[in-house]
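Structure first, then comments.
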Amino acid sequence: MIDRPEVALDDLYREVVMDHHRRPRGRTPLARVDAHAHGFNPVCGDDVLLSIALDDERIVGIQVQGRGCAICTASGSIMAEMLPGRTVSEAEATSEAFRGVMHGKLAPAGVDLGDLEALEGVQKFAVRVKCAMLPWVTLADALRAWRTGGAEATSTTEQELGR
Ligand code: ZN
């Protein structure tokens, strides 16, 4: 597992990423799980198991389990911190904006990426983009499964990059 985010990130951002890596948020089991998905990044070995609780169209809880490198763990931790309270479409807009940033675009006006901005430097390292995107790809799968009435989905970032 590659575990040296310092090659990609400047000091300020590294602090944010390392804080999320050391004390990942969203590890507490949810009282109720409405959707879950499993994501795997074979390039790095990152493994994400995502559980989500929803009230209608609003995300009320996220649990992130699994093992990942610092970039993947931080990305999942930031997601678990920022999404509860947001609607599904707001979460999808955030995910889309983050995906754009990871591919060298600017975040659209009106979308607050919060601590995700700390991962901006990762865009220079294609291999690490998969690490940063894995929790978000897994989120998309969980929401898709929830919409279609299924509870579970699986994907890898290999598929994500082919879309
Ligand atoms: Zn990784």
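Every chain in the structure tokens takes a letter, A first, then B, and so on in the order presented; its residues are numbered from 1, and the ligands are numbered from 1 following the presented order.
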
Using only C-alpha atoms and all ligand atoms, what does the table of chain A residues within 7 Å of ligand 1 look like, with each row giving the shortest atom pair and its distance in Å to one decimal, sorted by chain and ascending number, as a Markdown table?
| residue | atom | partner | partner_atom_place_in_ligand_line | distance |
| --- | --- | --- | --- | --- |
| A:Met1 | CA | ligand 1 | 1 (Zn) | 6.5 |
| A:Ile2 | CA | ligand 1 | 1 (Zn) | 6.1 |
| A:Cys44 | CA | ligand 1 | 1 (Zn) | 4.6 |
| A:Gly45 | CA | ligand 1 | 1 (Zn) | 6.4 |
| A:Asp46 | CA | ligand 1 | 1 (Zn) | 5.1 |
| A:Gly68 | CA | ligand 1 | 1 (Zn) | 5.7 |
| A:Cys69 | CA | ligand 1 | 1 (Zn) | 4.3 |
| A:Ala70 | CA | ligand 1 | 1 (Zn) | 6.9 |
| A:Ile71 | CA | ligand 1 | 1 (Zn) | 6.0 |
| A:Cys72 | CA | ligand 1 | 1 (Zn) | 5.3 |
| A:Arg128 | CA | ligand 1 | 1 (Zn) | 6.2 |
| A:Cys131 | CA | ligand 1 | 1 (Zn) | 4.0 |

Just to be explicit: take each residue in the selection above, keep all heavy atoms, and write the result as an mmCIF file, in the first residue's frame.
data_model
loop_
_atom_site.group_PDB
_atom_site.id
_atom_site.type_symbol
_atom_site.label_atom_id
_atom_site.label_comp_id
_atom_site.auth_asym_id
_atom_site.auth_seq_id
_atom_site.Cartn_x
_atom_site.Cartn_y
_atom_site.Cartn_z
ATOM 1 N N MET A 1 0.843 -1.206 0.000
ATOM 2 C CA MET A 1 0.000 0.000 0.000
ATOM 3 C C MET A 1 0.879 1.257 0.000
ATOM 4 O O MET A 1 1.785 1.370 0.806
ATOM 5 C CB MET A 1 -0.904 -0.032 1.239
ATOM 6 C CG MET A 1 -2.214 0.686 1.014
ATOM 7 S SD MET A 1 -3.361 0.363 2.371
ATOM 8 C CE MET A 1 -3.909 -1.306 1.978
ATOM 9 N N ILE A 2 0.611 2.144 -0.904
ATOM 10 C CA ILE A 2 1.399 3.377 -0.983
ATOM 11 C C ILE A 2 0.928 4.316 0.125
ATOM 12 O O ILE A 2 -0.255 4.557 0.251
ATOM 13 C CB ILE A 2 1.189 4.077 -2.348
ATOM 14 C CG1 ILE A 2 1.254 3.057 -3.480
ATOM 15 C CG2 ILE A 2 2.218 5.171 -2.561
ATOM 16 C CD1 ILE A 2 0.604 3.530 -4.763
ATOM 17 N N CYS A 44 -3.816 0.087 -5.520
ATOM 18 C CA CYS A 44 -3.207 0.443 -4.237
ATOM 19 C C CYS A 44 -3.560 -0.560 -3.139
ATOM 20 O O CYS A 44 -2.820 -0.718 -2.180
ATOM 21 C CB CYS A 44 -3.673 1.840 -3.848
ATOM 22 S SG CYS A 44 -3.052 2.449 -2.282
ATOM 23 N N GLY A 45 -4.703 -1.234 -3.299
ATOM 24 C CA GLY A 45 -5.172 -2.141 -2.258
ATOM 25 C C GLY A 45 -6.194 -1.507 -1.328
ATOM 26 O O GLY A 45 -6.561 -2.099 -0.317
ATOM 27 N N ASP A 46 -6.647 -0.307 -1.650
ATOM 28 C CA ASP A 46 -7.657 0.362 -0.820
ATOM 29 C C ASP A 46 -8.975 -0.405 -0.870
ATOM 30 O O ASP A 46 -9.398 -0.863 -1.929
ATOM 31 C CB ASP A 46 -7.926 1.788 -1.329
ATOM 32 C CG ASP A 46 -6.682 2.624 -1.396
ATOM 33 O OD1 ASP A 46 -5.910 2.621 -0.416
ATOM 34 O OD2 ASP A 46 -6.477 3.282 -2.432
ATOM 35 N N GLY A 68 -7.362 1.513 3.937
ATOM 36 C CA GLY A 68 -6.886 2.251 2.779
ATOM 37 C C GLY A 68 -5.622 3.015 3.110
ATOM 38 O O GLY A 68 -5.222 3.114 4.271
ATOM 39 N N CYS A 69 -4.996 3.566 2.079
ATOM 40 C CA CYS A 69 -3.827 4.412 2.284
ATOM 41 C C CYS A 69 -4.290 5.752 2.862
ATOM 42 O O CYS A 69 -5.483 5.997 3.022
ATOM 43 C CB CYS A 69 -3.105 4.620 0.957
ATOM 44 S SG CYS A 69 -4.071 5.563 -0.238
ATOM 45 N N ALA A 70 -3.362 6.624 3.151
ATOM 46 C CA ALA A 70 -3.689 7.909 3.772
ATOM 47 C C ALA A 70 -4.657 8.718 2.916
ATOM 48 O O ALA A 70 -5.597 9.331 3.433
ATOM 49 C CB ALA A 70 -2.404 8.706 4.019
ATOM 50 N N ILE A 71 -4.437 8.725 1.599
ATOM 51 C CA ILE A 71 -5.274 9.524 0.697
ATOM 52 C C ILE A 71 -6.711 8.997 0.691
ATOM 53 O O ILE A 71 -7.674 9.756 0.798
ATOM 54 C CB ILE A 71 -4.707 9.475 -0.742
ATOM 55 C CG1 ILE A 71 -3.300 10.070 -0.792
ATOM 56 C CG2 ILE A 71 -5.645 10.164 -1.727
ATOM 57 C CD1 ILE A 71 -3.216 11.550 -0.725
ATOM 58 N N CYS A 72 -6.849 7.687 0.581
ATOM 59 C CA CYS A 72 -8.177 7.076 0.541
ATOM 60 C C CYS A 72 -8.884 7.251 1.887
ATOM 61 O O CYS A 72 -10.067 7.606 1.937
ATOM 62 C CB CYS A 72 -8.035 5.590 0.191
ATOM 63 S SG CYS A 72 -9.603 4.718 0.153
ATOM 64 N N ARG A 128 -2.802 8.057 -7.605
ATOM 65 C CA ARG A 128 -3.415 8.438 -6.329
ATOM 66 C C ARG A 128 -4.830 8.999 -6.504
ATOM 67 O O ARG A 128 -5.597 9.033 -5.559
ATOM 68 C CB ARG A 128 -2.549 9.455 -5.580
ATOM 69 C CG ARG A 128 -1.077 9.106 -5.464
ATOM 70 C CD ARG A 128 -0.821 7.671 -5.040
ATOM 71 N NE ARG A 128 -1.489 7.262 -3.827
ATOM 72 C CZ ARG A 128 -1.030 7.502 -2.606
ATOM 73 N NH1 ARG A 128 0.097 8.144 -2.445
ATOM 74 N NH2 ARG A 128 -1.686 7.099 -1.552
ATOM 75 N N CYS A 131 -7.183 6.494 -5.507
ATOM 76 C CA CYS A 131 -7.280 6.378 -4.043
ATOM 77 C C CYS A 131 -8.266 7.414 -3.511
ATOM 78 O O CYS A 131 -9.136 7.109 -2.693
ATOM 79 C CB CYS A 131 -5.916 6.613 -3.396
ATOM 80 S SG CYS A 131 -4.624 5.495 -3.959
#

Among the residues A:Lys124, A:Lys130, A:Arg32, A:Arg86, the one that comes closest to Ala53 in chain A [using only C-alpha atoms]
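Checking each candidate against Ala53 in chain A, we get A:Arg32 as the closest.
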
Just list as JSON, numbers by chain whatever in range 12-156 of chain A DSSP marks as helix (DSSP H, G or I).
{"A": [12, 13, 14, 15, 16, 17, 18, 19, 20, 21, 22, 70, 71, 72, 73, 74, 75, 76, 77, 78, 79, 80, 81, 82, 88, 89, 90, 91, 92, 93, 94, 95, 96, 97, 98, 99, 100, 101, 102, 114, 115, 116, 117, 118, 119, 120, 121, 122, 123, 124, 126, 127, 128, 129, 130, 131, 132, 133, 134, 135, 136, 137, 138, 139, 140, 141, 142, 143, 144, 145, 146, 147]}

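With only C-alpha atoms as the atoms that count, the residue of A:Leu49, A:Ala142, A:Met102, A:Ala35 with the shortest distance to Phe125 in chain A is A:Met102.
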
Of A:Thr28, A:Gln63, A:Ser51, A:Ser95, the one sitting nearest Ala145 in chain A when using only C-alpha atoms is A:Ser51

Could you go through range 39-102 of chain A and tell me which residues DSSP, when run on the backbone, assigns to strand (DSSP E), listing them as a CSV table (one decimal) with N, CA and C atoms, in the first residue's frame?
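The resulting part-v8.csv:
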chain,number,residue,atom,x,y,z
A,39,GLY,N,-16.2,-0.9,-2.3
A,39,GLY,CA,-15.4,-0.4,-3.3
A,39,GLY,C,-13.9,-0.9,-3.1
A,40,PHE,N,-13.2,-1.2,-4.2
A,40,PHE,CA,-11.9,-1.8,-4.1
A,40,PHE,C,-11.0,-1.1,-5.2
A,41,ASN,N,-9.8,-0.7,-4.8
A,41,ASN,CA,-8.9,-0.1,-5.7
A,41,ASN,C,-7.7,-1.1,-5.8
A,46,ASP,N,-6.6,-0.3,-1.7
A,46,ASP,CA,-7.7,0.4,-0.8
A,46,ASP,C,-9.0,-0.4,-0.9
A,47,ASP,N,-9.6,-0.5,0.3
A,47,ASP,CA,-10.8,-1.2,0.4
A,47,ASP,C,-11.8,-0.4,1.2
A,48,VAL,N,-13.0,-0.1,0.7
A,48,VAL,CA,-13.9,0.8,1.3
A,48,VAL,C,-15.3,0.1,1.4
A,49,LEU,N,-15.8,0.0,2.6
A,49,LEU,CA,-17.2,-0.5,2.8
A,49,LEU,C,-18.0,0.7,3.4
A,50,LEU,N,-19.0,1.1,2.6
A,50,LEU,CA,-19.7,2.3,2.9
A,50,LEU,C,-21.2,1.9,3.3
A,51,SER,N,-21.6,2.5,4.5
A,51,SER,CA,-23.0,2.3,4.9
A,51,SER,C,-23.6,3.7,5.0
A,52,ILE,N,-24.9,3.8,4.6
A,52,ILE,CA,-25.5,5.1,4.6
A,52,ILE,C,-26.9,5.0,5.2
A,53,ALA,N,-27.3,6.0,6.0
A,53,ALA,CA,-28.7,6.1,6.5
A,53,ALA,C,-29.3,7.3,5.8
A,54,LEU,N,-30.5,7.1,5.3
A,54,LEU,CA,-31.2,8.2,4.6
A,54,LEU,C,-32.6,8.5,5.1
A,55,ASP,N,-32.9,9.7,5.2
A,55,ASP,CA,-34.3,10.1,5.5
A,55,ASP,C,-34.9,10.8,4.2
A,58,ARG,N,-32.5,12.8,2.1
A,58,ARG,CA,-31.4,13.4,2.9
A,58,ARG,C,-30.5,12.4,3.6
A,59,ILE,N,-29.2,12.6,3.5
A,59,ILE,CA,-28.3,11.7,4.1
A,59,ILE,C,-28.2,12.0,5.6
A,60,VAL,N,-28.5,11.1,6.5
A,60,VAL,CA,-28.5,11.4,7.9
A,60,VAL,C,-27.3,10.7,8.6
A,61,GLY,N,-26.6,9.8,7.9
A,61,GLY,CA,-25.5,9.2,8.6
A,61,GLY,C,-24.6,8.4,7.6
A,62,ILE,N,-23.3,8.4,7.8
A,62,ILE,CA,-22.4,7.6,6.9
A,62,ILE,C,-21.4,6.9,7.8
A,63,GLN,N,-21.2,5.6,7.5
A,63,GLN,CA,-20.1,4.9,8.2
A,63,GLN,C,-19.2,4.4,7.1
A,64,VAL,N,-17.9,4.6,7.3
A,64,VAL,CA,-16.9,4.2,6.4
A,64,VAL,C,-16.0,3.1,7.1
A,65,GLN,N,-16.0,2.0,6.5
A,65,GLN,CA,-15.1,0.9,7.0
A,65,GLN,C,-14.1,0.5,6.0

Residues within 6 Å of Ser77 in chain A, please, as a PyMOL selection string. Count only C-alpha atoms; anything in the same chain fewer than 3 positions from it doesn't count.
chain A and resi 20+24-25+74+80

Nearest residue to Ala140 in chain A from the set A:Ala31, A:Val16, A:Glu92, A:Arg67 (distances using only C-alpha atoms)
A:Glu92

One decimal, in Å: what's the spacing between CA of Thr87 in chain A and CA of Glu57 in chain A?
5.5 Å
